[in-house]
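Participant: Structure supplied as query_16.txt; contents: compact mmCIF, C-alpha atoms.
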```
# COMPACT_ATOMS: atom_id res chain seq x y z
CA MET A 1 68.69 201.62 8.84
CA ALA A 2 66.14 204.36 9.20
CA ALA A 3 67.57 207.81 9.80
CA ARG A 4 64.48 208.74 11.78
CA ILE A 5 65.20 206.14 14.53
CA ALA A 6 68.71 207.16 15.43
CA GLY A 7 70.61 210.28 14.51
CA PRO A 8 72.37 210.82 11.17
CA GLU A 9 75.68 210.16 12.99
CA ILE A 10 74.80 206.50 13.56
CA GLU A 11 73.39 206.23 10.04
CA ARG A 12 76.65 207.60 8.67
CA LEU A 13 78.73 205.18 10.78
CA VAL A 14 76.71 202.19 9.53
CA GLN A 15 77.00 203.41 5.95
CA MET A 16 80.79 203.80 6.21
CA LEU A 17 81.21 200.39 7.88
CA SER A 18 79.10 198.71 5.20
CA ARG A 19 81.72 199.79 2.63
CA LEU A 20 84.38 197.59 4.22
CA PRO A 21 85.00 194.34 2.36
CA GLY A 22 83.26 191.49 4.16
CA LEU A 23 80.60 193.65 5.84
CA GLY A 24 77.11 193.96 4.33
CA PRO A 25 74.37 196.30 5.58
CA ARG A 26 73.27 193.85 8.29
CA SER A 27 76.74 193.12 9.65
CA ALA A 28 77.61 196.83 9.41
CA ARG A 29 74.66 197.56 11.72
CA ARG A 30 75.84 194.84 14.10
CA ALA A 31 79.38 196.20 14.00
CA ALA A 32 78.13 199.75 14.66
CA LEU A 33 76.13 198.61 17.71
CA HIS A 34 79.09 196.58 18.94
CA LEU A 35 81.32 199.66 18.59
CA ILE A 36 78.84 201.87 20.43
CA LYS A 37 78.51 199.28 23.19
CA LYS A 38 82.32 199.10 23.54
CA ARG A 39 82.60 202.86 23.36
CA ASP A 40 85.85 203.38 25.20
CA GLU A 41 87.58 200.05 24.54
CA LEU A 42 86.90 199.93 20.80
CA LEU A 43 85.02 202.85 19.24
CA GLY A 44 87.44 205.49 20.49
CA PRO A 45 90.67 203.54 19.81
CA LEU A 46 89.52 202.45 16.32
CA GLY A 47 88.71 206.06 15.47
CA GLU A 48 92.13 207.09 16.71
CA ALA A 49 93.87 204.27 14.78
CA LEU A 50 92.10 205.42 11.61
CA ARG A 51 93.03 209.05 12.23
CA VAL A 52 96.70 208.11 12.72
CA ALA A 53 96.63 205.86 9.66
CA HIS A 54 95.05 208.60 7.56
CA GLU A 55 97.63 211.09 8.67
CA ARG A 56 100.76 208.99 8.50
CA ILE A 57 100.49 206.09 6.06
CA VAL A 58 102.21 206.64 2.74
CA THR A 59 103.10 204.51 -0.28
CA CYS A 60 106.79 203.73 -0.64
CA ALA A 61 108.04 205.40 -3.82
CA THR A 62 110.60 202.64 -4.32
CA CYS A 63 108.60 199.44 -3.96
CA GLY A 64 104.91 200.40 -3.64
CA ASN A 65 104.55 198.97 -0.13
CA ILE A 66 102.61 200.99 2.45
CA ASP A 67 104.22 202.26 5.61
CA THR A 68 104.47 205.35 7.76
CA SER A 69 107.81 206.20 6.17
CA ASP A 70 109.05 206.50 2.58
CA PRO A 71 111.23 204.52 1.86
CA CYS A 72 109.38 201.83 3.77
CA ALA A 73 110.82 199.62 6.53
CA ILE A 74 111.63 196.84 4.05
CA CYS A 75 113.46 199.15 1.63
CA ARG A 76 115.39 200.65 4.55
CA ASP A 77 116.25 197.24 6.11
CA SER A 78 120.02 196.88 5.59
CA ARG A 79 119.98 193.12 6.34
CA ARG A 80 118.04 192.34 3.19
CA ASP A 81 119.56 191.05 -0.01
CA ASP A 82 119.69 193.89 -2.56
CA SER A 83 120.13 191.44 -5.42
CA LEU A 84 116.91 189.47 -4.81
CA LEU A 85 113.63 191.12 -5.80
CA VAL A 86 110.16 189.59 -5.33
CA VAL A 87 107.46 191.03 -7.59
CA VAL A 88 103.94 190.83 -6.13
CA GLU A 89 100.51 192.05 -7.17
CA THR A 90 99.39 193.72 -3.97
CA VAL A 91 100.55 194.75 -0.51
CA SER A 92 98.54 191.88 0.99
CA ASP A 93 100.57 189.43 -1.10
CA LEU A 94 103.74 191.08 0.24
CA TRP A 95 102.43 190.62 3.78
CA ALA A 96 101.56 186.98 3.06
CA LEU A 97 105.09 186.25 1.80
CA GLU A 98 106.65 188.07 4.74
CA ARG A 99 104.60 185.92 7.12
CA ALA A 100 106.30 182.89 5.55
CA ALA A 101 109.55 184.75 6.48
CA LEU A 102 111.69 182.65 4.14
CA LEU A 103 113.47 185.26 2.04
CA ARG A 104 115.25 188.37 3.23
CA ALA A 105 114.47 189.95 -0.12
CA ARG A 106 113.33 193.30 -1.45
CA TYR A 107 109.85 193.63 -2.96
CA HIS A 108 108.16 195.34 -5.83
CA VAL A 109 104.39 195.84 -5.62
CA LEU A 110 102.70 196.06 -9.03
CA GLY A 111 99.41 197.35 -7.69
CA GLY A 112 97.36 194.85 -9.71
CA VAL A 113 97.60 192.63 -12.76
CA LEU A 114 97.14 193.20 -16.47
CA SER A 115 93.48 192.71 -17.23
CA PRO A 116 92.30 193.85 -20.67
CA LEU A 117 88.69 193.10 -19.74
CA ASP A 118 88.87 195.48 -16.76
CA GLY A 119 90.83 198.03 -18.79
CA VAL A 120 94.06 197.53 -16.82
CA GLY A 121 97.05 197.94 -19.12
CA PRO A 122 100.83 198.06 -18.50
CA ASP A 123 100.68 201.81 -17.76
CA ASP A 124 98.32 201.19 -14.84
CA LEU A 125 100.87 199.00 -13.04
CA ASN A 126 104.06 200.04 -11.30
CA LEU A 127 106.21 198.70 -14.15
CA ALA A 128 108.29 201.82 -14.86
CA GLY A 129 109.62 201.54 -11.32
CA LEU A 130 110.54 197.92 -11.92
CA VAL A 131 112.48 198.74 -15.10
CA GLU A 132 114.29 201.49 -13.20
CA ARG A 133 115.34 198.99 -10.53
CA LEU A 134 116.51 196.57 -13.24
CA ARG A 135 118.53 199.36 -14.87
CA ALA A 136 120.23 200.14 -11.54
CA GLY A 137 122.06 196.86 -12.15
CA LYS A 138 122.08 195.46 -8.61
CA LEU A 139 119.62 192.62 -9.22
CA ARG A 140 120.70 189.01 -9.58
CA GLU A 141 117.29 187.33 -9.39
CA VAL A 142 113.67 188.45 -9.78
CA VAL A 143 110.99 186.14 -8.35
CA ILE A 144 107.68 186.76 -10.11
CA ALA A 145 105.28 185.93 -7.27
CA VAL A 146 101.95 186.88 -8.83
CA ASN A 147 98.77 184.89 -8.22
CA ALA A 148 98.23 181.68 -10.17
CA THR A 149 95.24 183.16 -12.00
CA VAL A 150 94.90 183.69 -15.75
CA ASP A 151 95.51 187.44 -15.43
CA GLY A 152 98.35 186.81 -13.01
CA GLN A 153 100.09 184.46 -15.42
CA THR A 154 99.61 186.86 -18.35
CA THR A 155 101.22 189.54 -16.22
CA ALA A 156 104.03 187.16 -15.28
CA HIS A 157 104.85 186.58 -18.95
CA TYR A 158 104.74 190.30 -19.65
CA ILE A 159 107.19 190.94 -16.80
CA ALA A 160 109.46 188.09 -17.87
CA ASP A 161 109.67 189.80 -21.30
CA LEU A 162 110.53 193.09 -19.59
CA ILE A 163 113.34 191.41 -17.63
CA ALA A 164 114.74 189.44 -20.60
CA PRO A 165 117.09 192.21 -21.88
CA PHE A 166 118.80 192.40 -18.48
CA ALA A 167 121.27 189.82 -17.20
CA VAL A 168 118.98 188.76 -14.40
CA LYS A 169 117.66 185.33 -13.44
CA THR A 170 113.84 185.20 -13.55
CA THR A 171 111.99 182.68 -11.38
CA ARG A 172 108.39 181.93 -10.40
CA LEU A 173 106.70 180.22 -7.47
CA ALA A 174 106.42 176.41 -7.59
CA HIS A 175 103.04 174.81 -8.26
CA GLY A 176 101.96 171.82 -6.19
CA VAL A 177 99.88 170.48 -3.33
CA PRO A 178 99.39 173.05 -0.55
CA VAL A 179 100.92 171.94 2.77
CA GLY A 180 98.09 170.40 4.77
CA GLY A 181 95.92 170.19 1.64
CA GLU A 182 93.79 167.16 0.79
CA LEU A 183 94.18 165.77 -2.71
CA ASP A 184 90.45 165.18 -2.95
CA PHE A 185 89.77 168.91 -2.85
CA LEU A 186 92.41 169.98 -5.37
CA ASP A 187 91.76 170.79 -9.01
CA GLU A 188 93.30 168.72 -11.79
CA GLY A 189 95.71 171.47 -12.81
CA THR A 190 97.32 171.51 -9.38
CA LEU A 191 97.47 167.72 -9.19
CA ALA A 192 98.98 167.50 -12.68
CA ALA A 193 101.64 170.07 -11.71
CA ALA A 194 102.36 168.26 -8.44
CA LEU A 195 102.75 164.93 -10.26
CA GLU A 196 104.86 166.34 -13.05
CA ARG A 197 107.27 168.07 -10.66
CA ARG A 198 107.34 165.22 -8.13
CA THR A 199 110.55 165.00 -6.09
CA VAL A 200 112.55 162.07 -4.68
CA PHE A 201 111.31 160.93 -1.27
CA MET B 1 100.53 190.62 10.63
CA ALA B 2 104.16 191.19 11.34
CA ALA B 3 105.00 194.50 12.96
CA ARG B 4 108.38 194.52 11.25
CA ILE B 5 106.86 194.76 7.74
CA ALA B 6 104.68 197.79 8.22
CA GLY B 7 104.62 200.30 11.03
CA PRO B 8 102.86 199.76 14.36
CA GLU B 9 100.13 202.12 13.14
CA ILE B 10 98.97 199.63 10.50
CA GLU B 11 99.37 196.76 12.97
CA ARG B 12 97.16 198.63 15.42
CA LEU B 13 94.51 199.36 12.78
CA VAL B 14 94.35 195.68 11.78
CA GLN B 15 94.13 194.63 15.42
CA MET B 16 91.27 197.05 16.12
CA LEU B 17 89.38 196.03 12.97
CA SER B 18 89.73 192.34 13.85
CA ARG B 19 87.69 193.01 17.00
CA LEU B 20 84.61 193.91 14.99
CA PRO B 21 82.01 191.15 14.84
CA GLY B 22 82.22 189.36 11.50
CA LEU B 23 85.87 190.26 10.84
CA GLY B 24 88.66 187.76 11.60
CA PRO B 25 92.41 188.46 11.35
CA ARG B 26 92.47 187.81 7.61
CA SER B 27 89.45 189.93 6.74
CA ALA B 28 90.69 192.65 9.10
CA ARG B 29 93.92 192.82 7.09
CA ARG B 30 91.91 192.99 3.88
CA ALA B 31 89.71 195.71 5.36
CA ALA B 32 92.76 197.70 6.52
CA LEU B 33 94.34 197.55 3.05
CA HIS B 34 91.02 198.52 1.47
CA LEU B 35 90.79 201.49 3.84
CA ILE B 36 94.35 202.59 3.08
CA LYS B 37 93.70 202.26 -0.64
CA LYS B 38 90.55 204.38 -0.33
CA ARG B 39 92.31 206.85 1.92
CA ASP B 40 90.25 209.95 1.29
CA GLU B 41 86.92 208.37 0.32
CA LEU B 42 86.76 205.88 3.18
CA LEU B 43 89.59 205.88 5.73
CA GLY B 44 89.25 209.55 6.58
CA PRO B 45 85.43 209.65 6.65
CA LEU B 46 85.15 206.43 8.69
CA GLY B 47 87.62 207.83 11.22
CA GLU B 48 85.58 211.02 11.38
CA ALA B 49 82.28 209.08 11.73
CA LEU B 50 83.78 207.12 14.64
CA ARG B 51 85.07 210.28 16.29
CA VAL B 52 81.65 211.93 16.03
CA ALA B 53 79.93 208.77 17.29
CA HIS B 54 82.33 208.51 20.22
CA GLU B 55 81.73 212.12 21.15
CA ARG B 56 78.00 212.38 20.67
CA ILE B 57 76.19 209.04 21.04
CA VAL B 58 74.42 208.52 24.36
CA THR B 59 71.94 206.02 25.77
CA CYS B 60 68.43 207.36 26.27
CA ALA B 61 67.66 207.38 30.00
CA THR B 62 63.97 206.76 29.30
CA CYS B 63 63.96 203.83 26.88
CA GLY B 64 67.56 202.58 26.57
CA ASN B 65 67.80 203.38 22.84
CA ILE B 66 71.01 204.99 21.55
CA ASP B 67 70.98 208.41 19.93
CA THR B 68 72.86 211.67 19.91
CA SER B 69 70.27 213.17 22.24
CA ASP B 70 68.70 212.11 25.53
CA PRO B 71 65.71 211.67 25.39
CA CYS B 72 66.17 209.95 22.02
CA ALA B 73 64.35 210.84 18.78
CA ILE B 74 61.70 208.17 19.41
CA CYS B 75 60.96 209.33 22.95
CA ARG B 76 60.76 212.93 21.68
CA ASP B 77 58.53 212.07 18.70
CA SER B 78 55.14 213.63 19.51
CA ARG B 79 53.32 211.64 16.81
CA ARG B 80 53.87 208.36 18.64
CA ASP B 81 51.26 206.65 20.80
CA ASP B 82 52.17 207.16 24.46
CA SER B 83 49.90 204.30 25.53
CA LEU B 84 51.61 201.61 23.42
CA LEU B 85 54.99 200.31 24.61
CA VAL B 86 57.09 197.67 22.82
CA VAL B 87 59.63 195.88 25.05
CA VAL B 88 62.71 194.62 23.16
CA GLU B 89 65.97 192.94 24.13
CA THR B 90 68.41 195.12 22.26
CA VAL B 91 68.74 198.27 20.17
CA SER B 92 69.15 196.13 17.05
CA ASP B 93 65.72 194.57 17.74
CA LEU B 94 64.30 198.08 18.05
CA TRP B 95 65.84 198.98 14.68
CA ALA B 96 64.45 195.79 13.13
CA LEU B 97 60.91 196.59 14.33
CA GLU B 98 61.21 200.20 13.18
CA ARG B 99 62.20 198.98 9.71
CA ALA B 100 58.86 197.13 9.62
CA ALA B 101 57.39 200.60 10.38
CA LEU B 102 54.03 199.20 11.48
CA LEU B 103 53.54 200.71 14.93
CA ARG B 104 54.03 204.33 15.95
CA ALA B 105 54.83 203.08 19.45
CA ARG B 106 57.30 203.88 22.20
CA TYR B 107 60.00 201.35 23.06
CA HIS B 108 61.73 199.97 26.09
CA VAL B 109 65.13 198.32 25.59
CA LEU B 110 65.93 195.70 28.24
CA GLY B 111 69.60 195.42 27.32
CA GLY B 112 69.51 191.61 27.28
CA VAL B 113 67.48 188.70 28.60
CA LEU B 114 67.40 186.80 31.87
CA SER B 115 69.98 184.07 31.65
CA PRO B 116 70.83 182.29 34.93
CA LEU B 117 73.60 180.31 33.16
CA ASP B 118 75.33 183.53 32.08
CA GLY B 119 74.68 185.14 35.47
CA VAL B 120 72.19 187.67 34.07
CA GLY B 121 69.48 188.35 36.66
CA PRO B 122 66.58 190.86 36.81
CA ASP B 123 68.87 193.56 38.25
CA ASP B 124 71.06 193.42 35.15
CA LEU B 125 68.19 194.40 32.87
CA ASN B 126 66.49 197.77 32.50
CA LEU B 127 63.41 196.55 34.46
CA ALA B 128 63.25 199.31 37.09
CA GLY B 129 62.74 201.79 34.25
CA LEU B 130 59.91 199.65 32.88
CA VAL B 131 58.11 199.54 36.25
CA GLU B 132 58.51 203.31 36.48
CA ARG B 133 56.86 203.72 33.09
CA LEU B 134 54.04 201.39 34.16
CA ARG B 135 53.55 203.39 37.37
CA ALA B 136 53.27 206.63 35.36
CA GLY B 137 49.87 205.23 34.33
CA LYS B 138 49.82 206.26 30.67
CA LEU B 139 50.18 202.76 29.21
CA ARG B 140 47.30 200.86 27.66
CA GLU B 141 49.23 197.99 26.05
CA VAL B 142 52.70 196.49 26.41
CA VAL B 143 53.95 194.31 23.53
CA ILE B 144 56.64 191.93 24.78
CA ALA B 145 58.73 191.62 21.61
CA VAL B 146 61.65 189.53 22.88
CA ASN B 147 63.30 186.85 20.78
CA ALA B 148 61.61 183.44 20.53
CA THR B 149 64.48 181.76 22.37
CA VAL B 150 64.27 179.90 25.69
CA ASP B 151 65.87 182.79 27.60
CA GLY B 152 63.69 185.26 25.70
CA GLN B 153 60.52 183.43 26.65
CA THR B 154 61.60 183.12 30.31
CA THR B 155 62.16 186.87 30.29
CA ALA B 156 58.76 187.40 28.64
CA HIS B 157 57.03 185.51 31.48
CA TYR B 158 58.98 187.45 34.09
CA ILE B 159 57.92 190.74 32.49
CA ALA B 160 54.30 189.59 32.16
CA ASP B 161 54.33 188.96 35.94
CA LEU B 162 55.76 192.45 36.50
CA ILE B 163 52.98 193.98 34.41
CA ALA B 164 50.16 191.90 35.98
CA PRO B 165 49.47 194.28 38.94
CA PHE B 166 48.88 197.18 36.53
CA ALA B 167 45.70 197.57 34.46
CA VAL B 168 47.59 197.15 31.20
CA LYS B 169 47.02 194.74 28.31
CA THR B 170 50.04 192.48 27.73
CA THR B 171 50.63 191.04 24.27
CA ARG B 172 53.38 189.13 22.46
CA LEU B 173 54.46 188.65 18.83
CA ALA B 174 52.62 186.01 16.80
CA HIS B 175 54.37 182.75 15.93
CA GLY B 176 54.06 181.36 12.43
CA VAL B 177 55.61 180.85 9.02
CA PRO B 178 57.98 183.72 8.07
CA VAL B 179 56.82 185.61 4.97
CA GLY B 180 58.71 184.11 2.04
CA GLY B 181 59.68 181.09 4.17
CA GLU B 182 59.62 177.53 2.88
CA LEU B 183 57.80 174.99 5.06
CA ASP B 184 60.45 172.39 4.36
CA PHE B 185 63.05 174.43 6.22
CA LEU B 186 60.98 175.25 9.28
CA ASP B 187 61.18 173.46 12.62
CA GLU B 188 58.20 171.55 13.99
CA GLY B 189 57.54 174.11 16.72
CA THR B 190 56.98 176.86 14.16
CA LEU B 191 54.84 174.63 11.96
CA ALA B 192 52.74 173.49 14.93
CA ALA B 193 52.20 177.13 15.96
CA ALA B 194 51.31 178.11 12.38
CA LEU B 195 48.80 175.26 12.11
CA GLU B 196 47.26 175.86 15.50
CA ARG B 197 46.74 179.56 14.84
CA ARG B 198 45.65 179.12 11.21
CA THR B 199 43.36 181.87 9.88
CA VAL B 200 40.46 181.86 7.41
CA PHE B 201 41.61 182.26 3.78
```
Write the structure described by the file as structure tokens, please.
Facilitator:
Amino acid sequence: MAARIAGPEIERLVQMLSRLPGLGPRSARRAALHLIKKRDELLGPLGEALRVAHERIVTCATCGNIDTSDPCAICRDSRRDDSLLVVVETVSDLWALERAALLRARYHVLGGVLSPLDGVGPDDLNLAGLVERLRAGKLREVVIAVNATVDGQTTAHYIADLIAPFAVKTTRLAHGVPVGGELDFLDEGTLAAALERRTVF
Amino acid sequence: MAARIAGPEIERLVQMLSRLPGLGPRSARRAALHLIKKRDELLGPLGEALRVAHERIVTCATCGNIDTSDPCAICRDSRRDDSLLVVVETVSDLWALERAALLRARYHVLGGVLSPLDGVGPDDLNLAGLVERLRAGKLREVVIAVNATVDGQTTAHYIADLIAPFAVKTTRLAHGVPVGGELDFLDEGTLAAALERRTVF
């Protein structure tokens, strides 16, 4: 966008919006115009929501989740099982699992996966916190719920080795056909896993 | 997103972001997490950019452009040709034409097109302002630069009729093959127009 057409304020807004994932320069311009058009219903409230988020959101020192309190709502929730810990890569994975709402477990957010190519080593992940929680001795089972990618699986093995010295059951997510998925669109690895671990009808 | 996982502040941020064009619920969640991760580089500055925009952006009473001043930067620009007026549907069309940077013209933003099906009539567009500018008597040429859609072309004819009583040249954008476009992907209407108005090589 040309700074000479509109003021630097609009330019700046477009530039900031274009840094959101999923918005390029063109869609950032469209979003900016949409915001300006919906000045009081959207532009103002979004600005306010961002201000509040900036002021109040913190990372939970226990699990790595984000919330407006530390410890976070999940760590504070007394109805959850203290002996069941789900290890995830990111906060969005935590949210995804919570949407499934199957386990009343605690979480541990790694903040990424081991990736030698990207220079991410064990010290870059929230692993010290995990060991601390293992040492506390309350855990009965740790579910390693990292993504089924190469880096994710490397990380899973690394974590399994970390857990090994403790008397804790280590589990991982099942592989198989996604619910609602069509076989035709699945890769061979998934189909092989689904066949191998087939269950009685 | 479940309100019970994170605080209502995060919930609210995701909800607001999901109302931007181009962002659905999933990408809004991703955007919110990205913002929270880049707290000081992005979340804070975007909030500030929105606050400034909300406070300072106004619609130009002369042309309908948006800016932080009224009259806008284009209407104030003394190097532009007062006798050449480009009529566009929206501010984003104005921006698009300014990016081409061919004409040092003035603009007139209609704020939409005539669309009987959507209940948009002449009174819903910024046409009174256009007639006023025609009456002022400074104009030599009006370029009707509306989109090449059915509604756009209906609007173009309506505007041409408005201009007819004044001694002003009325022009429209040329039809033809887009620069860099492949013939194979163009509709017959465009190809017919490009053939009909072919020029000497």
Participant: Find the residues around segment 77-79 of chain B up to 10 Å (only C-alpha atoms counted), leave out those fewer than 3 positions away in its own chain, and share them as a count of residues only.
Facilitator: 10
Participant: Excluding Arg140 of chain A and residues on its chain fewer than 2 positions from it, collect all residues at most 9 Å away from it, counting all atoms listed in the file, and give them as a PyMOL selection string.
Facilitator: chain A and resi 82-85+137-138+142+167-170
Participant: Take atom CA of His54 of chain B and atom CA of Gly44 of chain A and report the distance between them in Å, one decimal.
Facilitator: 5.9 Å
Participant: Counting only C-alpha atoms, a student should be able to say which residues of chain A come within 8 Å of chain B; what is the right answer, written as number ranges by chain?
Facilitator: A: 1-2, 4-7, 9-10, 12-13, 16-17, 19-23, 27, 29-31, 33-36, 39-40, 42-54, 57, 66-68, 72-74, 91-92, 95, 98-99
Participant: Which polymer residues, protein or nucleic acid, are no farther than 8 Å from (70.2, 199.5, 32.7), counting all atoms listed in the file, as a compact mmCIF listing (two decimals) with C-alpha atoms, keeping the file's coordinate frame?
Facilitator:
```txt
# COMPACT_ATOMS: atom_id res chain seq x y z
CA GLY B 64 67.56 202.58 26.57
CA LEU B 110 65.93 195.70 28.24
CA GLY B 111 69.60 195.42 27.32
CA ASP B 124 71.06 193.42 35.15
CA LEU B 125 68.19 194.40 32.87
CA ASN B 126 66.49 197.77 32.50
CA LEU B 127 63.41 196.55 34.46
CA GLY B 129 62.74 201.79 34.25
```
Participant: Between A:Ala192, A:Leu97, A:Ala164, A:Cys60, single out the one closest to Leu134 of chain A, counting all atoms listed in the file.
Facilitator: A:Ala164
